[in-house]
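As stored in start_5.cif (mmCIF, C-alpha atoms and all ligand atoms):
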data_protein
#
loop_
_atom_site.label_atom_id
_atom_site.label_comp_id
_atom_site.auth_asym_id
_atom_site.auth_seq_id
_atom_site.Cartn_x
_atom_site.Cartn_y
_atom_site.Cartn_z
CA MET I 442 157.67 30.37 182.48
CA ARG I 443 158.18 28.25 179.38
CA ALA I 444 155.18 26.73 177.62
CA ARG I 445 155.07 22.94 177.41
CA GLU I 446 154.75 23.14 173.59
CA LEU I 447 158.36 24.27 173.40
CA GLY I 448 159.42 20.87 174.63
CA ARG I 449 163.06 20.60 175.58
CA LYS I 450 164.05 23.50 173.36
CA SER I 451 165.62 25.91 175.75
CA VAL I 452 165.47 29.63 175.92
CA VAL I 453 168.84 31.31 176.26
CA VAL I 454 169.93 34.82 177.13
CA GLY I 455 169.42 37.07 174.13
CA ASP I 456 166.46 35.16 172.71
CA ARG I 457 163.52 37.16 171.47
CA VAL I 458 160.37 35.42 172.56
CA GLY I 459 156.60 35.58 172.19
CA LEU I 460 154.67 35.83 175.47
CA VAL I 461 151.06 35.20 176.48
CA GLY I 462 149.50 36.00 179.82
CA ASP I 463 150.10 38.97 182.02
CA THR I 464 152.81 40.95 180.29
CA SER I 465 152.40 44.00 182.53
CA GLY I 466 155.72 43.30 184.22
CA ALA I 467 154.13 44.02 187.59
CA ALA I 468 155.32 42.12 190.67
CA GLY I 469 153.74 38.66 190.67
CA ALA I 470 152.70 38.85 187.00
CA LEU I 471 152.90 35.50 185.21
CA ALA I 472 153.43 35.08 181.47
CA ARG I 473 154.31 32.09 179.34
CA ILE I 474 156.99 31.95 176.65
CA VAL I 475 155.20 30.33 173.72
CA ARG I 476 157.58 31.02 170.86
CA ILE I 477 161.29 31.58 170.35
CA ALA I 478 162.05 33.79 167.37
CA GLU I 479 164.57 32.68 164.80
CA ARG I 480 168.06 33.55 166.03
CA ARG I 481 170.17 36.08 164.17
CA SER I 482 173.35 34.57 165.61
CA VAL I 483 174.21 31.80 168.03
CA LEU I 484 177.42 31.80 170.05
CA ARG I 485 178.28 28.27 171.11
CA ARG I 486 181.03 26.65 173.04
CA THR I 487 181.74 23.02 173.73
CA ALA I 488 182.24 22.28 177.40
CA ASP I 489 185.59 20.73 176.63
CA ASP I 490 187.44 19.40 173.61
CA ASP I 491 187.43 15.88 174.92
CA GLU I 492 185.44 13.95 172.33
CA THR I 493 185.68 10.74 174.34
CA THR I 494 183.20 11.71 177.04
CA ALA I 495 179.59 12.85 176.88
CA GLU I 496 180.45 15.98 178.85
CA GLY I 497 183.26 16.74 176.40
CA ARG I 498 180.85 16.75 173.49
CA LEU I 499 178.26 18.83 175.26
CA GLU I 500 177.59 21.89 173.21
CA ARG I 501 176.31 24.95 175.00
CA VAL I 502 174.67 27.97 173.54
CA VAL I 503 176.23 30.90 175.34
CA VAL I 504 173.97 33.60 173.96
CA ALA I 505 171.59 34.22 171.06
CA ASN I 506 171.34 37.25 168.81
CA ALA I 507 174.64 38.85 169.84
CA ASP I 508 176.27 41.20 167.34
CA GLN I 509 179.60 41.56 169.10
CA LEU I 510 181.83 39.28 171.17
CA VAL I 511 183.79 41.26 173.74
CA ILE I 512 186.78 39.08 174.57
CA VAL I 513 187.81 40.25 178.02
CA SER I 514 191.39 39.49 179.02
CA ALA I 515 193.27 40.93 181.97
CA LEU I 516 196.83 42.10 181.28
CA ALA I 517 197.82 40.63 184.67
CA ASP I 518 196.21 38.80 187.58
CA PRO I 519 195.19 36.51 185.85
CA PRO I 520 197.78 36.81 183.03
CA PRO I 521 196.60 37.01 179.40
CA ARG I 522 196.36 33.78 177.43
CA THR I 523 196.55 34.38 173.70
CA GLY I 524 195.53 30.77 173.04
CA PHE I 525 192.23 31.49 174.80
CA ILE I 526 191.75 34.72 172.84
CA ASP I 527 192.46 32.79 169.60
CA ARG I 528 189.73 30.30 170.49
CA CYS I 529 187.26 33.10 171.16
CA LEU I 530 188.12 34.65 167.78
CA VAL I 531 187.38 31.34 166.05
CA ALA I 532 184.04 31.11 167.87
CA ALA I 533 183.16 34.69 166.95
CA TYR I 534 183.93 34.31 163.25
CA ASP I 535 182.16 30.94 163.19
CA ALA I 536 179.03 32.51 164.69
CA GLY I 537 179.18 35.58 162.46
CA ILE I 538 179.73 37.87 165.45
CA GLU I 539 182.25 40.71 165.38
CA PRO I 540 185.07 40.43 167.93
CA LEU I 541 186.30 43.22 170.19
CA LEU I 542 189.34 42.69 172.39
CA CYS I 543 188.95 44.29 175.80
CA LEU I 544 192.18 44.35 177.79
CA THR I 545 191.52 45.05 181.47
CA LYS I 546 193.86 45.79 184.39
CA ALA I 547 195.96 48.04 182.15
CA ASP I 548 197.08 49.67 185.41
CA LEU I 549 199.00 46.47 186.25
CA ALA I 550 200.84 45.61 183.01
CA SER I 551 201.55 46.87 179.52
CA PRO I 552 199.47 45.65 176.56
CA GLU I 553 202.44 45.57 174.15
CA GLN I 554 202.98 41.82 174.06
CA VAL I 555 199.34 40.96 173.50
CA LEU I 556 198.81 43.68 170.91
CA GLY I 557 202.04 42.72 169.14
CA TYR I 558 200.75 39.19 168.74
CA TYR I 559 197.61 40.47 166.98
CA ALA I 560 199.40 43.16 164.96
CA GLU I 561 198.49 41.59 161.62
CA LEU I 562 194.79 41.34 162.42
CA GLU I 563 192.60 44.38 162.23
CA LEU I 564 191.27 43.48 165.63
CA PRO I 565 189.56 46.38 167.39
CA TYR I 566 190.59 46.74 171.02
CA VAL I 567 190.05 48.85 174.12
CA LEU I 568 192.26 49.21 177.18
CA VAL I 569 190.59 49.44 180.58
CA ARG I 570 192.02 50.57 183.91
CA PRO I 571 190.05 51.45 187.05
CA ASP I 572 190.15 55.19 186.33
CA SER I 573 189.83 55.04 182.53
CA ASP I 574 187.22 56.90 180.62
CA LEU I 575 184.83 54.39 179.02
CA ASP I 576 183.53 56.60 176.21
CA ALA I 577 185.41 54.72 173.48
CA LEU I 578 183.98 51.42 174.73
CA ARG I 579 180.47 52.87 175.03
CA ALA I 580 180.69 54.05 171.43
CA LEU I 581 181.63 50.50 170.32
CA LEU I 582 178.74 49.02 172.29
CA ALA I 583 176.10 51.48 171.07
CA GLY I 584 173.22 50.11 169.03
CA ARG I 585 174.11 46.44 169.37
CA VAL I 586 174.01 43.41 171.62
CA SER I 587 177.47 42.58 173.00
CA VAL I 588 178.44 39.53 175.01
CA MET I 589 181.46 39.45 177.27
CA VAL I 590 183.49 36.28 177.64
CA GLY I 591 186.69 35.66 179.56
CA HIS I 592 188.37 33.72 182.32
CA SER I 593 187.14 34.11 185.86
CA GLY I 594 188.59 37.17 187.58
CA VAL I 595 189.45 39.25 184.51
CA GLY I 596 187.01 41.97 185.51
CA LYS I 597 183.88 41.39 183.41
CA SER I 598 181.43 42.18 186.20
CA THR I 599 183.54 45.11 187.41
CA LEU I 600 183.26 46.59 183.93
CA VAL I 601 179.52 45.91 183.69
CA ASN I 602 179.01 47.71 187.00
CA ARG I 603 180.84 50.73 185.61
CA LEU I 604 178.86 50.68 182.37
CA VAL I 605 175.50 50.02 184.03
CA PRO I 606 175.52 51.71 187.44
CA ASP I 607 172.32 49.94 188.55
CA ALA I 608 173.62 46.48 187.61
CA ALA I 609 174.95 45.57 191.07
CA ARG I 610 176.82 42.56 189.67
CA ALA I 611 178.79 40.72 192.34
CA VAL I 612 182.55 41.11 192.01
CA GLY I 613 185.06 38.58 193.30
CA THR I 614 188.72 38.52 194.18
CA VAL I 615 191.57 36.77 192.41
CA SER I 616 193.36 34.12 194.45
CA ALA I 617 197.11 33.94 195.02
CA ILE I 618 197.49 31.45 192.16
CA GLY I 619 195.97 33.98 189.77
CA ARG I 620 192.58 32.37 189.30
CA GLY I 621 189.25 34.03 189.73
CA ARG I 622 186.65 32.58 192.03
CA HIS I 623 183.85 32.11 189.52
CA THR I 624 181.82 34.83 191.16
CA SER I 625 179.21 35.13 188.39
CA THR I 626 177.23 31.94 187.89
CA SER I 627 174.76 32.84 185.15
CA ALA I 628 174.64 35.08 182.10
CA VAL I 629 172.61 38.27 182.41
CA ALA I 630 171.71 40.80 179.71
CA LEU I 631 171.56 44.43 180.78
CA ARG I 632 170.42 47.45 178.85
CA LEU I 633 173.12 50.12 178.75
CA PRO I 634 172.04 53.57 179.98
CA ALA I 635 171.36 56.15 177.28
CA ALA I 636 173.95 58.87 176.88
CA ALA I 637 172.75 62.24 178.16
CA GLY I 638 170.92 64.29 175.55
CA THR I 639 170.46 61.57 172.87
CA ASP I 640 167.77 59.08 171.93
CA ASP I 641 170.27 56.72 170.28
CA ASP I 642 170.06 53.07 171.29
CA PRO I 643 172.97 52.55 173.73
CA GLY I 644 172.84 48.77 173.20
CA TRP I 645 172.85 45.74 175.49
CA ILE I 646 175.68 44.03 177.34
CA VAL I 647 175.64 40.40 178.46
CA ASP I 648 177.82 39.49 181.46
CA THR I 649 178.69 35.78 181.53
CA PRO I 650 180.33 33.50 184.10
CA GLY I 651 184.08 33.01 183.71
CA VAL I 652 185.08 30.00 181.63
CA ARG I 653 188.26 27.97 181.94
CA SER I 654 188.42 27.21 178.26
CA PHE I 655 186.43 27.85 175.13
CA GLY I 656 185.87 24.42 173.58
CA LEU I 657 185.56 24.36 169.80
CA ALA I 658 184.69 20.72 169.15
CA HIS I 659 181.57 21.94 167.30
CA VAL I 660 183.65 23.94 164.77
CA SER I 661 184.90 22.12 161.66
CA ALA I 662 188.64 21.99 160.98
CA GLU I 663 188.10 24.20 157.93
CA SER I 664 186.15 26.79 159.93
CA LEU I 665 188.95 27.00 162.50
CA LEU I 666 190.95 28.85 159.90
CA HIS I 667 188.43 31.71 159.91
CA GLY I 668 189.81 32.71 163.30
CA PHE I 669 193.19 33.22 161.64
CA PRO I 670 192.57 35.74 158.86
CA ASP I 671 196.33 36.42 158.78
CA LEU I 672 196.89 32.81 157.62
CA VAL I 673 193.88 32.13 155.44
CA GLU I 674 195.29 33.56 152.20
CA ALA I 675 198.29 31.24 152.27
CA THR I 676 196.17 28.11 152.09
CA ALA I 677 195.22 28.87 148.47
CA ASP I 678 198.62 27.37 147.62
CA CYS I 679 198.10 24.20 149.65
CA PRO I 680 197.66 20.83 147.91
CA PRO I 681 194.06 19.55 147.72
CA ASN I 682 192.78 18.21 151.05
CA CYS I 683 195.76 19.60 152.93
CA ALA I 684 195.16 19.16 156.68
CA HIS I 685 197.49 22.14 157.43
CA THR I 686 199.23 20.19 160.19
CA ALA I 687 203.00 20.28 160.73
CA GLU I 688 203.14 16.76 159.26
CA GLU I 689 201.83 17.96 155.86
CA ALA I 690 205.04 18.29 153.85
CA ASP I 691 203.55 20.65 151.25
CA CYS I 692 201.37 22.80 153.50
CA ALA I 693 201.81 26.34 152.21
CA LEU I 694 201.51 27.83 155.69
CA ASP I 695 205.15 26.98 156.52
CA ALA I 696 206.49 28.93 153.53
CA TRP I 697 204.11 31.82 154.31
CA VAL I 698 205.50 32.16 157.81
CA ALA I 699 209.09 31.58 156.66
CA ALA I 700 208.64 34.48 154.24
CA GLY I 701 207.65 36.69 157.16
CA ARG I 702 204.04 37.12 156.04
CA ALA I 703 202.59 36.00 159.38
CA ASP I 704 203.80 35.56 162.93
CA PRO I 705 205.10 31.99 163.53
CA ARG I 706 203.36 32.02 166.94
CA ARG I 707 200.03 32.41 165.15
CA LEU I 708 200.68 29.36 163.00
CA ALA I 709 201.75 27.41 166.08
CA SER I 710 198.54 28.45 167.83
CA TYR I 711 196.41 27.40 164.85
CA ARG I 712 198.13 24.00 164.73
CA ARG I 713 197.72 23.58 168.48
CA LEU I 714 193.99 24.15 168.02
CA LEU I 715 193.86 21.62 165.19
CA ALA I 716 195.68 19.10 167.38
CA SER I 717 193.42 19.72 170.38
CA ARG I 718 190.41 18.95 168.22
CA SER I 719 191.82 15.62 167.12
CA GLY I 720 192.57 14.69 170.72
CA GLU I 721 196.33 15.09 170.49
CA GLY I 722 196.59 18.25 172.54
CA ASP I 723 196.55 18.57 176.29
CA PRO I 724 192.93 19.36 177.14
CA ARG I 725 193.88 20.70 180.56
CA GLU I 726 195.68 23.78 179.30
CA PRO I 727 194.43 24.33 175.78
CA GLU I 728 194.45 28.10 176.01
CA ARG I 729 198.14 28.66 176.69
CA ASN I 730 200.56 29.64 173.91
CA PRO I 731 204.36 29.64 174.22
CA GLY I 732 204.30 33.36 173.37
CA ASP I 733 202.28 34.15 176.49
CA PRO I 734 203.98 36.18 179.21
CA LEU I 735 203.91 33.30 181.69
CA ALA I 736 204.39 30.46 179.22
CA GLY I 737 206.18 27.54 180.73
CA SER I 738 205.68 28.71 184.30
N1 LIG S 1 193.89 46.43 189.24
C1 LIG S 1 192.72 46.21 188.64
N2 LIG S 1 191.86 45.31 189.18
C2 LIG S 1 190.69 45.10 188.55
C3 LIG S 1 190.35 45.76 187.32
N3 LIG S 1 189.13 45.30 186.92
C4 LIG S 1 188.74 44.39 187.85
N4 LIG S 1 189.65 44.26 188.84
C5 LIG S 1 189.58 43.36 190.02
O1 LIG S 1 189.58 41.99 189.57
C6 LIG S 1 188.80 41.17 190.48
C7 LIG S 1 187.82 40.28 189.72
O2 LIG S 1 186.82 41.08 189.09
P1 LIG S 1 185.38 40.53 188.63
O3 LIG S 1 184.72 41.71 187.97
O4 LIG S 1 184.66 39.83 189.71
O5 LIG S 1 185.80 39.45 187.51
P2 LIG S 1 184.83 38.55 186.56
O6 LIG S 1 185.51 38.52 185.23
O7 LIG S 1 183.44 39.04 186.60
O8 LIG S 1 184.96 37.11 187.26
P3 LIG S 1 183.89 35.86 187.22
O9 LIG S 1 182.53 36.40 187.55
O10 LIG S 1 184.43 34.94 188.27
O11 LIG S 1 183.98 35.30 185.84
C8 LIG S 1 188.14 42.14 191.47
O12 LIG S 1 188.91 42.12 192.67
C9 LIG S 1 188.26 43.48 190.77
O13 LIG S 1 188.31 44.55 191.68
C10 LIG S 1 191.29 46.70 186.77
O14 LIG S 1 191.10 47.33 185.71
N5 LIG S 1 192.46 46.87 187.48
MG MG S 2 181.67 38.10 187.08
#
Could you write out this file's structure as structure tokens?
Amino acid sequence: MRARELGRKSVVVGDRVGLVGDTSGAAGALARIVRIAERRSVLRRTADDDETTAEGRLERVVVANADQLVIVSALADPPPRTGFIDRCLVAAYDAGIEPLLCLTKADLASPEQVLGYYAELELPYVLVRPDSDLDALRALLAGRVSVMVGHSGVGKSTLVNRLVPDAARAVGTVSAIGRGRHTSTSAVALRLPAAAGTDDDPGWIVDTPGVRSFGLAHVSAESLLHGFPDLVEATADCPPNCAHTAEEADCALDAWVAAGRADPRRLASYRRLLASRSGEGDPREPERNPGDPLAGS
């Protein structure tokens, strides 16, 4: 239980805390959390980008002290949304957490389109299918705290159950309209099992509930650009105080893309994010890009 001295300050998954009381861990033991250690990193998301309502401005800490953000996207059922992945990348860079793209359901569709979109980023990725060997993923998870984020139904809990055989995380089905059923309702951190014959720290994995969107209202317009390392260099040639929107006549990003130095879909995605923050975008479908396999459907 949490000590009264902590007031309203909440403890989140990943926090390192000081305890007093019975710390034996035995059944029925009671200890109090009296201190929350300074956080090494904080992954936040805003509930929505709608600045006009209290709920829209609500900022949530997803997890503390994570080293790696595992962005889980299914290649089909539900289809990948690069706009959502772009938002997660912004959140990761903003929090100082390294991103890892985890593409699940590789048995159902090819990863070419998604990987092609990120070709200019040195974004590490893993492909997962039901029978795939998870050694490459385990190696990337070793020694650190990783948090998985993704839409409902992409297979986060399925993957956690494969990585941590004792996890017994509930797994849901995906409905006919390609949406998950929000099977997981709270974040849980699990210690990964040690590889046979080594004492190396296998790391921790945090399974989180599926989110519809990854609101970035808490990220400044300037910081948004950190999620687009393929565009950042171009802005050195922008006029002072350039807003980088399509309306900025001298924004250097247009020439950069015209010269073939970045994918035009990436610039469009960045500008869509900028617009969604200023309330011009459509908050209902902020994660969809025209380059997505099912765009427009
Ligand atoms: N074909 C295929 N199906 C998969 C794969 N991974 C997961 N699934 C299925 O996808 C469905 C949803 O999986 P979950 O693990 O519950 O998804 P989740 O991301 O935890 O969903 P929430 O908890 O709702 O956020 C289940 O029916 C899984 O069996 C895969 O690699 N291939
Ligand atoms: Mg789940």
Could you pull the residues within 6 Å of range 689-698 of chain I, counting all atoms listed in the file, minus those fewer than 4 positions along the same chain, as number ranges by chain?
I: 675-676, 678-679, 685, 702-703, 705
Find the residues of chain I that sit at most 6 Å from ligand MG 2 (chain S); for each, write down the nearest two atoms and how far apart they are in Å, to one decimal. Count only C-alpha atoms and all ligand atoms. Sort by chain, then by number going up, and give it as a Markdown table.
| residue | atom | partner | partner_atom | distance |
| --- | --- | --- | --- | --- |
| I:Lys597 | CA | S:MG2 | MG | 5.4 |
| I:Ser598 | CA | S:MG2 | MG | 4.2 |
| I:Val612 | CA | S:MG2 | MG | 5.8 |
| I:Thr624 | CA | S:MG2 | MG | 5.2 |
| I:Ser625 | CA | S:MG2 | MG | 4.1 |
| I:Pro650 | CA | S:MG2 | MG | 5.6 |
Please identify every polymer residue within 9 Å of ligand LIG 1 (chain S), using all atoms listed in the file, and present the set as a PyMOL selection string.
chain I and resi 513-519+544-549+568-573+589-602+610-615+620-627+648-652
If you count only C-alpha atoms, the residue of I:Val452, I:Cys683, I:Val629, I:Ala444 closest to Leu471 in chain I turns out to be I:Ala444
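You can rank I:Leu631, I:Leu666, I:Val475, I:Leu484 by their closest distance to Pro540 in chain I using all atoms listed in the file, and at the top of that list sits I:Leu484.
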Rounded to one decimal, what separation in Å do you get between CA of Ala630 in chain I and CA of Ile526 in chain I?
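Interatomic distance here is 22.0 Å.
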At what distance in Å, to one decimal, does CA of Ala709 in chain I lie from CA of Leu541 in chain I?
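These atoms are spaced 22.5 Å apart.
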Need to verify the contact set: Arg443 in chain I, 9 Å, all atoms listed in the file, exclusion of same-chain residues closer than 4 positions in sequence. Can you return it as an MDAnalysis selection string?
chainID I and resid 447:448 451:452 472:476
Residues near Val660 in chain I, anyone? I mean within 10 Å using only C-alpha atoms, not counting same-chain ones fewer than 2 positions away, as a PDB file with C-alpha atoms, keeping the file's coordinate frame.
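What ended up in result.pdb:
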ATOM      1  CA  ARG I 485     178.280  28.270 171.110  1.00  0.00           C
ATOM      2  CA  ARG I 486     181.030  26.650 173.040  1.00  0.00           C
ATOM      3  CA  THR I 487     181.740  23.020 173.730  1.00  0.00           C
ATOM      4  CA  VAL I 531     187.380  31.340 166.050  1.00  0.00           C
ATOM      5  CA  ALA I 532     184.040  31.110 167.870  1.00  0.00           C
ATOM      6  CA  ASP I 535     182.160  30.940 163.190  1.00  0.00           C
ATOM      7  CA  ALA I 536     179.030  32.510 164.690  1.00  0.00           C
ATOM      8  CA  GLY I 656     185.870  24.420 173.580  1.00  0.00           C
ATOM      9  CA  LEU I 657     185.560  24.360 169.800  1.00  0.00           C
ATOM     10  CA  ALA I 658     184.690  20.720 169.150  1.00  0.00           C
ATOM     11  CA  ALA I 662     188.640  21.990 160.980  1.00  0.00           C
ATOM     12  CA  GLU I 663     188.100  24.200 157.930  1.00  0.00           C
ATOM     13  CA  SER I 664     186.150  26.790 159.930  1.00  0.00           C
ATOM     14  CA  LEU I 665     188.950  27.000 162.500  1.00  0.00           C
ATOM     15  CA  ARG I 718     190.410  18.950 168.220  1.00  0.00           C
TER      16      ARG I 718
END
Min atom-atom distance to Val453 in chain I from the set I:Leu562, I:Gly466, I:Trp645, I:Val502, counting all atoms listed in the file, belongs to I:Val502
Computed interatomic separation between CA of Asp527 in chain I and CA of Ser661 in chain I (Å)
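We find that CA of Asp527 in chain I and CA of Ser661 in chain I lie 15.3 Å from each other.
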Using all atoms listed in the file, which protein or nucleic acid residues come within 10 Å of Asp704 in chain I? Drop anything in the same chain fewer than 5 positions from it, and give the result as a PyMOL selection string.
chain I and resi 557-561+671-672+697-699+709
So which residues are close to (169.0, 36.4, 169.5), meaning at most 7 Å away in the file's coordinates with only C-alpha atoms counted, and can you show them as a list in words?
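Result, sorted by chain then residue number: Gly455, Asp456, Arg457, Arg480, Arg481, Ser482, Ala505, Asn506 and Ala507 of chain I.
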For Leu715 in chain I, which of I:Leu581, I:Ala684, I:Val567, I:Val586 is the closest residue, counting all atoms listed in the file?
I:Ala684
Can range 699-712 of chain I be brought up to N, CA, C and O atoms and written out as a tab-separated table (two decimals), in the coordinates of the input?
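Below is the file result-v1.tsv, written as the result:
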chain	number	residue	atom	x	y	z
I	699	ALA	N	207.65	31.45	156.90
I	699	ALA	CA	209.09	31.58	156.66
I	699	ALA	C	209.39	32.86	155.88
I	699	ALA	O	210.42	33.49	156.07
I	700	ALA	N	208.45	33.26	155.03
I	700	ALA	CA	208.64	34.48	154.24
I	700	ALA	C	208.28	35.73	155.04
I	700	ALA	O	208.28	36.85	154.51
I	701	GLY	N	207.94	35.54	156.29
I	701	GLY	CA	207.65	36.69	157.16
I	701	GLY	C	206.27	37.30	156.95
I	701	GLY	O	206.01	38.42	157.37
I	702	ARG	N	205.36	36.54	156.32
I	702	ARG	CA	204.04	37.12	156.04
I	702	ARG	C	203.06	36.95	157.19
I	702	ARG	O	201.97	37.53	157.16
I	703	ALA	N	203.41	36.13	158.17
I	703	ALA	CA	202.59	36.00	159.38
I	703	ALA	C	203.50	35.61	160.53
I	703	ALA	O	204.61	35.10	160.31
I	704	ASP	N	203.03	35.85	161.72
I	704	ASP	CA	203.80	35.56	162.93
I	704	ASP	C	203.83	34.04	163.15
I	704	ASP	O	202.77	33.40	163.18
I	705	PRO	N	205.03	33.46	163.32
I	705	PRO	CA	205.10	31.99	163.53
I	705	PRO	C	204.30	31.53	164.74
I	705	PRO	O	203.80	30.40	164.78
I	706	ARG	N	204.13	32.41	165.75
I	706	ARG	CA	203.36	32.02	166.94
I	706	ARG	C	201.89	31.83	166.59
I	706	ARG	O	201.19	31.03	167.20
I	707	ARG	N	201.42	32.56	165.57
I	707	ARG	CA	200.03	32.41	165.15
I	707	ARG	C	199.83	31.06	164.47
I	707	ARG	O	198.84	30.38	164.69
I	708	LEU	N	200.79	30.67	163.64
I	708	LEU	CA	200.68	29.36	163.00
I	708	LEU	C	200.74	28.26	164.05
I	708	LEU	O	199.96	27.29	164.01
I	709	ALA	N	201.64	28.43	165.02
I	709	ALA	CA	201.75	27.41	166.08
I	709	ALA	C	200.43	27.32	166.84
I	709	ALA	O	199.97	26.22	167.18
I	710	SER	N	199.80	28.46	167.10
I	710	SER	CA	198.54	28.45	167.83
I	710	SER	C	197.44	27.75	167.02
I	710	SER	O	196.66	26.95	167.56
I	711	TYR	N	197.41	28.04	165.72
I	711	TYR	CA	196.41	27.40	164.85
I	711	TYR	C	196.60	25.88	164.86
I	711	TYR	O	195.65	25.11	165.01
I	712	ARG	N	197.86	25.45	164.76
I	712	ARG	CA	198.13	24.00	164.73
I	712	ARG	C	197.84	23.36	166.08
I	712	ARG	O	197.42	22.22	166.14
